[in-house]
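Structure file my_file36.pdb (PDB, C-alpha atoms and all ligand atoms) is printed below.
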ATOM      1  CA  GLY A1393      14.065  18.910  -5.973
ATOM      2  CA  LEU A1394      16.052  16.413  -3.964
ATOM      3  CA  THR A1395      16.630  12.941  -5.327
ATOM      4  CA  GLY A1396      14.911  10.158  -3.442
ATOM      5  CA  GLU A1397      18.146   9.194  -1.707
ATOM      6  CA  ALA A1398      18.956  12.745  -0.631
ATOM      7  CA  TYR A1399      15.419  13.241   0.663
ATOM      8  CA  ARG A1400      15.679  10.030   2.690
ATOM      9  CA  ARG A1401      18.999  11.113   4.200
ATOM     10  CA  ARG A1402      17.748  14.574   5.053
ATOM     11  CA  HIS A1403      14.617  13.224   6.760
ATOM     12  CA  GLU A1404      16.265  10.188   8.377
ATOM     13  CA  ILE A1405      14.144   7.741   6.431
ATOM     14  CA  THR A1406      15.361   4.160   6.276
ATOM     15  CA  VAL A1407      13.596   1.504   4.251
ATOM     16  CA  THR A1408      13.858  -2.251   3.946
ATOM     17  CA  GLY A1409      12.193  -4.447   1.353
ATOM     18  CA  ASP A1410      12.396  -5.290  -2.339
ATOM     19  CA  GLU A1411      12.570  -2.388  -4.790
ATOM     20  CA  VAL A1412      11.112   0.236  -2.510
ATOM     21  CA  PRO A1413       9.755   3.117  -4.607
ATOM     22  CA  PRO A1414      11.275   6.580  -4.072
ATOM     23  CA  PRO A1415       9.480   9.028  -1.758
ATOM     24  CA  LEU A1416       6.801  11.349  -3.153
ATOM     25  CA  THR A1417       8.229  14.610  -1.921
ATOM     26  CA  SER A1418       5.443  16.944  -3.063
ATOM     27  CA  PHE A1419       1.664  16.689  -3.255
ATOM     28  CA  GLU A1420       1.812  17.217  -7.023
ATOM     29  CA  ALA A1421       4.062  14.164  -7.327
ATOM     30  CA  THR A1422       1.499  11.916  -5.636
ATOM     31  CA  GLY A1423      -0.941  11.919  -8.533
ATOM     32  CA  PHE A1424      -3.783  11.839  -6.002
ATOM     33  CA  PRO A1425      -7.239  12.557  -7.433
ATOM     34  CA  SER A1426      -8.116  16.249  -7.464
ATOM     35  CA  GLU A1427     -10.871  15.908  -4.804
ATOM     36  CA  ILE A1428      -8.255  14.621  -2.386
ATOM     37  CA  LEU A1429      -5.582  17.158  -3.329
ATOM     38  CA  LYS A1430      -8.135  19.926  -2.846
ATOM     39  CA  GLU A1431      -8.812  18.808   0.731
ATOM     40  CA  VAL A1432      -5.103  18.592   1.518
ATOM     41  CA  LEU A1433      -4.506  22.120   0.219
ATOM     42  CA  LYS A1434      -7.615  23.391   2.024
ATOM     43  CA  ALA A1435      -6.093  22.030   5.245
ATOM     44  CA  GLY A1436      -3.106  24.305   4.598
ATOM     45  CA  PHE A1437      -0.523  21.549   4.262
ATOM     46  CA  SER A1438       2.431  22.533   2.100
ATOM     47  CA  SER A1439       4.162  19.182   1.602
ATOM     48  CA  PRO A1440       3.890  15.546   2.654
ATOM     49  CA  THR A1441       5.490  14.630   5.964
ATOM     50  CA  PRO A1442       8.406  12.168   5.612
ATOM     51  CA  ILE A1443       6.309   9.169   6.660
ATOM     52  CA  GLN A1444       3.660  10.155   4.110
ATOM     53  CA  ALA A1445       6.240  10.800   1.386
ATOM     54  CA  GLN A1446       7.730   7.338   1.802
ATOM     55  CA  SER A1447       4.715   5.236   2.769
ATOM     56  CA  TRP A1448       2.272   6.569   0.156
ATOM     57  CA  PRO A1449       4.061   5.139  -2.901
ATOM     58  CA  VAL A1450       4.477   1.789  -1.131
ATOM     59  CA  ALA A1451       0.823   1.668  -0.055
ATOM     60  CA  LEU A1452      -0.282   2.662  -3.562
ATOM     61  CA  GLN A1453       1.513  -0.434  -4.881
ATOM     62  CA  SER A1454      -0.876  -2.448  -2.667
ATOM     63  CA  ARG A1455       2.026  -3.757  -0.610
ATOM     64  CA  ASP A1456       2.009  -4.486   3.111
ATOM     65  CA  ILE A1457       3.793  -1.887   5.224
ATOM     66  CA  VAL A1458       5.274  -1.494   8.636
ATOM     67  CA  ALA A1459       5.774   2.188   9.393
ATOM     68  CA  VAL A1460       7.670   3.211  12.502
ATOM     69  CA  ALA A1461       7.447   6.923  13.245
ATOM     70  CA  LYS A1462       6.864   8.964  16.339
ATOM     71  CA  THR A1463       3.606  10.626  17.332
ATOM     72  CA  GLY A1464       2.675  13.726  15.386
ATOM     73  CA  SER A1465       4.360  12.660  12.168
ATOM     74  CA  GLY A1466       1.193  12.490  10.057
ATOM     75  CA  LYS A1467       0.635   8.742  10.082
ATOM     76  CA  THR A1468      -3.171   9.017   9.885
ATOM     77  CA  LEU A1469      -3.266  10.470   6.380
ATOM     78  CA  GLY A1470      -0.334   8.184   5.619
ATOM     79  CA  TYR A1471      -2.767   5.270   5.621
ATOM     80  CA  LEU A1472      -6.103   6.999   5.027
ATOM     81  CA  ILE A1473      -5.374   8.510   1.618
ATOM     82  CA  PRO A1474      -4.160   5.237   0.015
ATOM     83  CA  GLY A1475      -7.279   3.680   1.588
ATOM     84  CA  PHE A1476      -9.442   6.304  -0.135
ATOM     85  CA  ILE A1477      -7.744   5.566  -3.446
ATOM     86  CA  HIS A1478      -8.338   1.852  -2.960
ATOM     87  CA  LEU A1479     -12.023   2.645  -2.369
ATOM     88  CA  LYS A1480     -12.235   4.808  -5.462
ATOM     89  CA  ARG A1481     -10.814   1.958  -7.554
ATOM     90  CA  CYS A1482     -13.013  -0.818  -6.247
ATOM     91  CA  ARG A1483     -15.974   0.136  -4.218
ATOM     92  CA  ASN A1484     -18.077  -2.576  -2.636
ATOM     93  CA  ASP A1485     -21.607  -2.031  -1.493
ATOM     94  CA  PRO A1486     -20.947  -0.580   1.985
ATOM     95  CA  GLN A1487     -24.127  -2.311   3.225
ATOM     96  CA  LEU A1488     -22.231  -5.605   2.936
ATOM     97  CA  GLY A1489     -19.553  -4.373   5.324
ATOM     98  CA  PRO A1490     -16.534  -2.071   5.289
ATOM     99  CA  THR A1491     -13.762  -2.308   2.695
ATOM    100  CA  VAL A1492     -11.293  -0.463   4.927
ATOM    101  CA  LEU A1493     -10.874  -1.378   8.591
ATOM    102  CA  VAL A1494      -8.716   0.657  10.971
ATOM    103  CA  LEU A1495      -7.996  -0.691  14.462
ATOM    104  CA  SER A1496      -7.051   1.890  17.058
ATOM    105  CA  PRO A1497      -6.310   1.539  20.784
ATOM    106  CA  THR A1498      -8.671   4.115  22.308
ATOM    107  CA  ARG A1499     -11.958   5.874  21.791
ATOM    108  CA  GLU A1500     -10.180   9.262  21.634
ATOM    109  CA  LEU A1501      -7.838   8.134  18.884
ATOM    110  CA  ALA A1502     -10.610   6.324  17.027
ATOM    111  CA  THR A1503     -12.764   9.467  16.970
ATOM    112  CA  GLN A1504      -9.800  11.567  15.794
ATOM    113  CA  ILE A1505      -9.170   9.138  12.942
ATOM    114  CA  GLN A1506     -12.865   9.106  12.089
ATOM    115  CA  ASP A1507     -12.940  12.917  12.010
ATOM    116  CA  GLU A1508      -9.935  12.963   9.691
ATOM    117  CA  ALA A1509     -11.506  10.316   7.420
ATOM    118  CA  VAL A1510     -14.765  12.275   7.244
ATOM    119  CA  LYS A1511     -12.987  15.583   6.606
ATOM    120  CA  PHE A1512     -10.686  14.314   3.859
ATOM    121  CA  GLY A1513     -13.049  11.707   2.380
ATOM    122  CA  LYS A1514     -16.299  13.638   2.178
ATOM    123  CA  SER A1515     -15.694  15.136  -1.261
ATOM    124  CA  SER A1516     -14.911  11.610  -2.505
ATOM    125  CA  ARG A1517     -18.248  10.441  -0.987
ATOM    126  CA  ILE A1518     -16.472   8.043   1.318
ATOM    127  CA  SER A1519     -18.369   7.114   4.466
ATOM    128  CA  CYS A1520     -16.805   6.241   7.815
ATOM    129  CA  THR A1521     -18.224   4.893  11.061
ATOM    130  CA  GLY A1522     -16.569   4.596  14.471
ATOM    131  CA  LEU A1523     -17.049   1.646  16.838
ATOM    132  CA  TYR A1524     -15.563   2.213  20.266
ATOM    133  CA  GLY A1525     -16.332   1.649  23.929
ATOM    134  CA  GLY A1526     -17.419   4.265  26.424
ATOM    135  CA  ALA A1527     -20.406   5.165  24.254
ATOM    136  CA  PRO A1528     -23.714   3.344  23.750
ATOM    137  CA  LYS A1529     -23.818   0.703  21.033
ATOM    138  CA  GLY A1530     -27.226   1.719  19.662
ATOM    139  CA  PRO A1531     -26.222   4.794  17.639
ATOM    140  CA  GLN A1532     -23.054   3.058  16.404
ATOM    141  CA  LEU A1533     -25.082   0.066  15.184
ATOM    142  CA  LYS A1534     -27.577   2.369  13.522
ATOM    143  CA  GLU A1535     -24.816   4.168  11.648
ATOM    144  CA  LEU A1536     -23.260   0.837  10.718
ATOM    145  CA  ASP A1537     -26.580  -0.332   9.275
ATOM    146  CA  ARG A1538     -26.597   2.677   6.960
ATOM    147  CA  GLY A1539     -23.373   1.282   5.484
ATOM    148  CA  ALA A1540     -19.773   2.449   5.879
ATOM    149  CA  ASP A1541     -16.837   2.211   3.480
ATOM    150  CA  ILE A1542     -14.449   2.648   6.400
ATOM    151  CA  VAL A1543     -14.851   1.399   9.958
ATOM    152  CA  VAL A1544     -12.526   2.763  12.643
ATOM    153  CA  ALA A1545     -12.754   0.580  15.718
ATOM    154  CA  THR A1546     -11.239  -0.275  19.047
ATOM    155  CA  PRO A1547     -10.630  -4.038  19.295
ATOM    156  CA  GLY A1548     -12.929  -4.566  22.298
ATOM    157  CA  ARG A1549     -16.024  -2.900  20.856
ATOM    158  CA  LEU A1550     -15.508  -4.428  17.425
ATOM    159  CA  ASN A1551     -15.370  -7.911  18.954
ATOM    160  CA  ASP A1552     -18.609  -7.239  20.850
ATOM    161  CA  ILE A1553     -20.317  -6.230  17.628
ATOM    162  CA  LEU A1554     -18.833  -9.193  15.753
ATOM    163  CA  GLU A1555     -20.220 -11.521  18.426
ATOM    164  CA  MET A1556     -23.635  -9.924  17.960
ATOM    165  CA  ARG A1557     -23.214 -10.673  14.237
ATOM    166  CA  ARG A1558     -24.076  -7.085  13.392
ATOM    167  CA  VAL A1559     -21.081  -6.530  11.106
ATOM    168  CA  SER A1560     -19.252  -8.650   8.573
ATOM    169  CA  LEU A1561     -15.576  -8.183   7.823
ATOM    170  CA  ASN A1562     -15.574 -10.384   4.732
ATOM    171  CA  GLN A1563     -15.389  -7.359   2.392
ATOM    172  CA  VAL A1564     -12.298  -5.890   4.081
ATOM    173  CA  LYS A1565      -9.422  -5.456   1.612
ATOM    174  CA  TYR A1566      -7.359  -2.854   3.452
ATOM    175  CA  LEU A1567      -6.577  -3.450   7.118
ATOM    176  CA  VAL A1568      -4.739  -0.899   9.269
ATOM    177  CA  LEU A1569      -3.323  -1.554  12.718
ATOM    178  CA  ASP A1570      -2.712   1.941  14.042
ATOM    179  CA  GLU A1571      -0.620   2.472  17.178
ATOM    180  CA  ALA A1572       0.111  -1.238  17.177
ATOM    181  CA  ASP A1573       2.564  -0.905  20.070
ATOM    182  CA  ARG A1574      -0.046   0.768  22.230
ATOM    183  CA  MET A1575      -2.724  -1.778  21.364
ATOM    184  CA  LEU A1576      -0.385  -4.565  22.478
ATOM    185  CA  ASP A1577       0.558  -2.676  25.669
ATOM    186  CA  MET A1578      -3.147  -2.449  26.442
ATOM    187  CA  GLY A1579      -3.515  -6.223  26.112
ATOM    188  CA  PHE A1580      -5.516  -6.233  22.879
ATOM    189  CA  GLU A1581      -3.447  -8.897  21.137
ATOM    190  CA  PRO A1582      -6.014 -11.736  21.539
ATOM    191  CA  GLN A1583      -8.801  -9.467  20.312
ATOM    192  CA  ILE A1584      -6.752  -8.293  17.348
ATOM    193  CA  ARG A1585      -6.017 -11.875  16.358
ATOM    194  CA  LYS A1586      -9.717 -12.764  16.654
ATOM    195  CA  ILE A1587     -10.671  -9.849  14.417
ATOM    196  CA  VAL A1588      -8.027 -10.633  11.819
ATOM    197  CA  LYS A1589      -9.428 -14.180  11.526
ATOM    198  CA  GLU A1590     -12.646 -12.620  10.201
ATOM    199  CA  VAL A1591     -10.811 -10.581   7.559
ATOM    200  CA  PRO A1592     -10.026 -12.247   4.215
ATOM    201  CA  ALA A1593      -6.424 -13.395   3.836
ATOM    202  CA  ARG A1594      -6.271 -11.630   0.466
ATOM    203  CA  ARG A1595      -5.911  -8.106   1.708
ATOM    204  CA  GLN A1596      -3.408  -5.321   2.179
ATOM    205  CA  THR A1597      -2.216  -4.892   5.759
ATOM    206  CA  LEU A1598      -0.574  -1.746   7.118
ATOM    207  CA  MET A1599       0.895  -1.452  10.580
ATOM    208  CA  TYR A1600       1.736   1.921  12.107
ATOM    209  CA  THR A1601       3.647   2.105  15.347
ATOM    210  CA  ALA A1602       5.733   4.601  17.302
ATOM    211  CA  THR A1603       8.108   1.937  18.659
ATOM    212  CA  TRP A1604       9.405  -1.409  17.413
ATOM    213  CA  PRO A1605       9.742  -3.834  20.347
ATOM    214  CA  LYS A1606       9.767  -7.600  19.890
ATOM    215  CA  GLU A1607       6.033  -8.046  20.630
ATOM    216  CA  VAL A1608       5.211  -5.741  17.734
ATOM    217  CA  ARG A1609       7.733  -7.505  15.487
ATOM    218  CA  LYS A1610       6.105 -10.810  16.312
ATOM    219  CA  ILE A1611       2.571  -9.749  15.394
ATOM    220  CA  ALA A1612       3.872  -8.007  12.264
ATOM    221  CA  ALA A1613       5.573 -11.249  11.215
ATOM    222  CA  ASP A1614       2.301 -13.126  11.744
ATOM    223  CA  LEU A1615      -0.124 -10.718  10.066
ATOM    224  CA  LEU A1616       1.825  -9.038   7.262
ATOM    225  CA  VAL A1617       3.131 -10.576   4.045
ATOM    226  CA  ASN A1618       6.557  -9.516   2.798
ATOM    227  CA  PRO A1619       6.148  -5.985   4.135
ATOM    228  CA  VAL A1620       8.160  -2.946   3.235
ATOM    229  CA  GLN A1621       9.400  -1.321   6.402
ATOM    230  CA  VAL A1622       9.707   2.437   6.645
ATOM    231  CA  ASN A1623      11.403   3.982   9.672
ATOM    232  CA  ILE A1624      11.655   7.673  10.440
ATOM    233  CA  GLY A1625      14.503   8.664  12.755
ATOM    234  CA  ASN A1626      16.232   6.303  15.118
ATOM    235  CA  ILE A1627      14.376   3.226  16.244
ATOM    236  CA  ASP A1628      15.662   0.563  18.599
TER     237      ASP A1628
HETATM  238  P1  LIG B   1       0.496  10.659  14.125
HETATM  239  O1  LIG B   1      -0.595   9.667  13.830
HETATM  240  O2  LIG B   1       1.786  10.292  13.451
HETATM  241  O3  LIG B   1       0.663  10.910  15.588
HETATM  242  P2  LIG B   1      -1.319  12.550  12.954
HETATM  243  O4  LIG B   1      -1.725  11.792  11.766
HETATM  244  O5  LIG B   1      -2.290  12.600  14.091
HETATM  245  O6  LIG B   1       0.087  12.045  13.489
HETATM  246  O7  LIG B   1      -0.950  14.027  12.472
HETATM  247  C1  LIG B   1      -0.528  15.035  13.350
HETATM  248  C2  LIG B   1      -1.021  16.395  12.857
HETATM  249  O8  LIG B   1      -0.377  16.748  11.648
HETATM  250  C3  LIG B   1      -2.505  16.431  12.555
HETATM  251  O9  LIG B   1      -3.052  17.630  13.034
HETATM  252  C4  LIG B   1      -2.566  16.388  11.036
HETATM  253  O10 LIG B   1      -3.745  17.025  10.528
HETATM  254  C5  LIG B   1      -1.312  17.151  10.653
HETATM  255  N1  LIG B   1      -0.777  16.782   9.331
HETATM  256  C6  LIG B   1      -0.936  15.611   8.663
HETATM  257  N2  LIG B   1      -0.294  15.643   7.487
HETATM  258  C7  LIG B   1       0.300  16.852   7.386
HETATM  259  C8  LIG B   1       1.126  17.498   6.388
HETATM  260  N3  LIG B   1       1.460  16.870   5.271
HETATM  261  N4  LIG B   1       1.543  18.754   6.631
HETATM  262  C9  LIG B   1       1.208  19.388   7.781
HETATM  263  N5  LIG B   1       0.447  18.847   8.755
HETATM  264  C10 LIG B   1      -0.006  17.598   8.576
HETATM  265 MG    MG B   2      -1.690   8.381  14.996
END

Can the structure from this file be put into structure tokens for me?
Ligand code: ADP
Ligand code: MG
Amino acid sequence: GLTGEAYRRRHEITVTGDEVPPPLTSFEATGFPSEILKEVLKAGFSSPTPIQAQSWPVALQSRDIVAVAKTGSGKTLGYLIPGFIHLKRCRNDPQLGPTVLVLSPTRELATQIQDEAVKFGKSSRISCTGLYGGAPKGPQLKELDRGADIVVATPGRLNDILEMRRVSLNQVKYLVLDEADRMLDMGFEPQIRKIVKEVPARRQTLMYTATWPKEVRKIAADLLVNPVQVNIGNID
């Protein structure tokens, strides 16, 4: 196989941060639990995408990450699988609130992420609930009351439900800001900051974005601690 450096060059991966681990260029190299590997193979995937190869080993070290990669590069499993592994290591009672929280800009994206979490997490008995606008709150609250290891939410709906005091974020250990650039474009910054105030400071934070403008840099600087940055291709 390629050395880490050669793999990075070939796939235009650039990294910044202290002692960034080499990419995991094959599924076998990941050491993922067999239930997870089985799902990945069942999906017909032959190897990790570059963002997965480089962000998995960083996420598995429990470090904060900024990942900049364009749409379609496999970012969802890039953060979901390390989240599953976190859950397998230390599982809280999901009735007390989610351990993994994913913020997403839209209902469509949130439901896609939820579908992926259910598909790849089911054999690990990981539960996932979606909280998003454009759908009645009742069924979402009912599902939430049954307990969820992972909540995938749009910032607006999650704030509504927080104000109703129907969910607690004090068990969250793994926070993902997906499509951070889009969430900021949509004006969600105040809501994101409100949500993050409810999440314990001792947590792992992962930010995934397609672009890297100064607004995104600013919120990354505020919410992440000594992150490793992983870029795929040219970013500005
Ligand atoms: P992004 O969030 O970067 O836009 P997604 O996570 O939505 O990308 O992934 C895009 C598509 O690629 C999805 O259909 C997903 O199932 C698929 N995919 C994810 N990982 C792999 C992989 N390692 N090999 C092949 N396809 C993959
Ligand atoms: Mg995505």

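Closest to Leu1598 (chain A) among A:Phe1476, A:Tyr1566, A:Tyr1524, A:Phe1424 is A:Tyr1566, based on all atoms listed in the file.
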
Go through the chains and note each residue within 12 Å of ligand MG 2 (chain B), using all atoms listed in the file, then give the set as a ChimeraX atom specification.
/A:1443,1459-1472,1494-1498,1500-1506,1508,1568-1574,1599-1602

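The smallest atom-to-atom distance between ligand LIG 1 (chain B) and any of A:Gln1596, A:Ser1454, A:Ser1515, A:Thr1603, using all atoms listed in the file, is found for A:Thr1603.
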
Taking the file above as input, evaluate the PyMOL selection byres (((chain A and resi 1400) around 10) and not hetatm) and report the hits as an NGL selection string.
:A and (1394-1399 or 1401-1407 or 1414-1415 or 1417 or 1442 or 1445-1446 or 1624)

Picked residues, the PyMOL selection byres (((chain A and resi 1560) around 10) and not hetatm), expected as a PyMOL selection string:
chain A and resi 1487-1490+1553-1554+1557-1559+1561-1564+1590-1591

Could you please take those selected residues and save C-alpha atoms as a JSON list (two decimals), in the coordinates of the input?
[["chain", "number", "residue", "atom", "x", "y", "z"],
["A", 1487, "GLN", "CA", -24.13, -2.31, 3.22],
["A", 1488, "LEU", "CA", -22.23, -5.60, 2.94],
["A", 1489, "GLY", "CA", -19.55, -4.37, 5.32],
["A", 1490, "PRO", "CA", -16.53, -2.07, 5.29],
["A", 1553, "ILE", "CA", -20.32, -6.23, 17.63],
["A", 1554, "LEU", "CA", -18.83, -9.19, 15.75],
["A", 1557, "ARG", "CA", -23.21, -10.67, 14.24],
["A", 1558, "ARG", "CA", -24.08, -7.08, 13.39],
["A", 1559, "VAL", "CA", -21.08, -6.53, 11.11],
["A", 1561, "LEU", "CA", -15.58, -8.18, 7.82],
["A", 1562, "ASN", "CA", -15.57, -10.38, 4.73],
["A", 1563, "GLN", "CA", -15.39, -7.36, 2.39],
["A", 1564, "VAL", "CA", -12.30, -5.89, 4.08],
["A", 1590, "GLU", "CA", -12.65, -12.62, 10.20],
["A", 1591, "VAL", "CA", -10.81, -10.58, 7.56]]

Residue IDs satisfying the PyMOL selection byres (((chain A and resi 1420) around 12) and not hetatm), as a PyMOL selection string:
chain A and resi 1416-1419+1421-1426+1428-1430+1432-1433+1438-1440+1445

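Of note, CA of Gly1409 (chain A) and atom C1 of ligand LIG 1 (chain B) are spaced 26.2 Å apart.
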
Closest of A:Lys1529, A:Lys1586, A:Arg1594, A:Lys1565 to Cys1482 (chain A), counting only C-alpha atoms, is A:Lys1565

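The environment of Pro1474 (chain A) within 8 Å, counting all atoms listed in the file and disregarding residues fewer than 4 places along the same chain, consists of Trp1448, Ala1451, Leu1452, Gly1470 and His1478 of chain A.
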
Please provide the set of residues having any atom within 9 Å of Pro1619 (chain A), restricted to all atoms listed in the file, with same-chain residues fewer than 3 positions apart removed, written as a list in words.
Thr1408, Gly1409, Arg1455, Asp1456, Ile1457, Val1458, Thr1597, Leu1598, Ala1612, Ala1613 and Leu1616 of chain A

Keeping C-alpha atoms for every residue in the selection just given, could you write it to a file as a PDB file, in the coordinates of the input?
ATOM      1  CA  THR A1408      13.858  -2.251   3.946  1.00  0.00           C
ATOM      2  CA  GLY A1409      12.193  -4.447   1.353  1.00  0.00           C
ATOM      3  CA  ARG A1455       2.026  -3.757  -0.610  1.00  0.00           C
ATOM      4  CA  ASP A1456       2.009  -4.486   3.111  1.00  0.00           C
ATOM      5  CA  ILE A1457       3.793  -1.887   5.224  1.00  0.00           C
ATOM      6  CA  VAL A1458       5.274  -1.494   8.636  1.00  0.00           C
ATOM      7  CA  THR A1597      -2.216  -4.892   5.759  1.00  0.00           C
ATOM      8  CA  LEU A1598      -0.574  -1.746   7.118  1.00  0.00           C
ATOM      9  CA  ALA A1612       3.872  -8.007  12.264  1.00  0.00           C
ATOM     10  CA  ALA A1613       5.573 -11.249  11.215  1.00  0.00           C
ATOM     11  CA  LEU A1616       1.825  -9.038   7.262  1.00  0.00           C
TER      12      LEU A1616
END

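You can rank A:Ala1593, A:Leu1533, A:Val1588, A:Val1492 by their closest distance to Met1556 (chain A) using only C-alpha atoms, and at the top of that list sits A:Leu1533.
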
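If you measure from each of A:Ile1584, A:Leu1523, A:Met1575, A:Val1412 to Val1543 (chain A) using only C-alpha atoms, the closest one turns out to be A:Leu1523.
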
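From CA of Asp1577 (chain A) back to CA of Arg1549 (chain A), the distance works out to 17.3 Å.
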
Could you please fill out region 1545-1557 of chain A with N, CA and C atoms and send it back as a short mmCIF file (atom, residue, chain, number, x, y, z; two decimals), in the coordinates of the input?
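result.cif written:
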data_model
loop_
_atom_site.label_atom_id
_atom_site.label_comp_id
_atom_site.auth_asym_id
_atom_site.auth_seq_id
_atom_site.Cartn_x
_atom_site.Cartn_y
_atom_site.Cartn_z
N ALA A 1545 -12.25 1.28 14.54
CA ALA A 1545 -12.75 0.58 15.72
C ALA A 1545 -11.68 0.32 16.75
N THR A 1546 -12.10 0.29 18.01
CA THR A 1546 -11.24 -0.28 19.05
C THR A 1546 -11.50 -1.78 19.08
N PRO A 1547 -10.47 -2.58 19.39
CA PRO A 1547 -10.63 -4.04 19.30
C PRO A 1547 -11.75 -4.59 20.18
N GLY A 1548 -11.92 -4.05 21.38
CA GLY A 1548 -12.93 -4.57 22.30
C GLY A 1548 -14.34 -4.39 21.75
N ARG A 1549 -14.68 -3.17 21.36
CA ARG A 1549 -16.02 -2.90 20.86
C ARG A 1549 -16.29 -3.64 19.55
N LEU A 1550 -15.29 -3.72 18.69
CA LEU A 1550 -15.51 -4.43 17.42
C LEU A 1550 -15.80 -5.90 17.68
N ASN A 1551 -15.09 -6.51 18.64
CA ASN A 1551 -15.37 -7.91 18.95
C ASN A 1551 -16.78 -8.09 19.51
N ASP A 1552 -17.22 -7.16 20.34
CA ASP A 1552 -18.61 -7.24 20.85
C ASP A 1552 -19.59 -7.27 19.69
N ILE A 1553 -19.37 -6.37 18.74
CA ILE A 1553 -20.32 -6.23 17.63
C ILE A 1553 -20.21 -7.41 16.66
N LEU A 1554 -18.99 -7.96 16.56
CA LEU A 1554 -18.83 -9.19 15.75
C LEU A 1554 -19.59 -10.35 16.40
N GLU A 1555 -19.52 -10.43 17.74
CA GLU A 1555 -20.22 -11.52 18.43
C GLU A 1555 -21.74 -11.38 18.29
N MET A 1556 -22.20 -10.15 18.19
CA MET A 1556 -23.64 -9.92 17.96
C MET A 1556 -24.02 -10.19 16.50
N ARG A 1557 -23.02 -10.45 15.68
CA ARG A 1557 -23.21 -10.67 14.24
C ARG A 1557 -23.90 -9.49 13.56
#
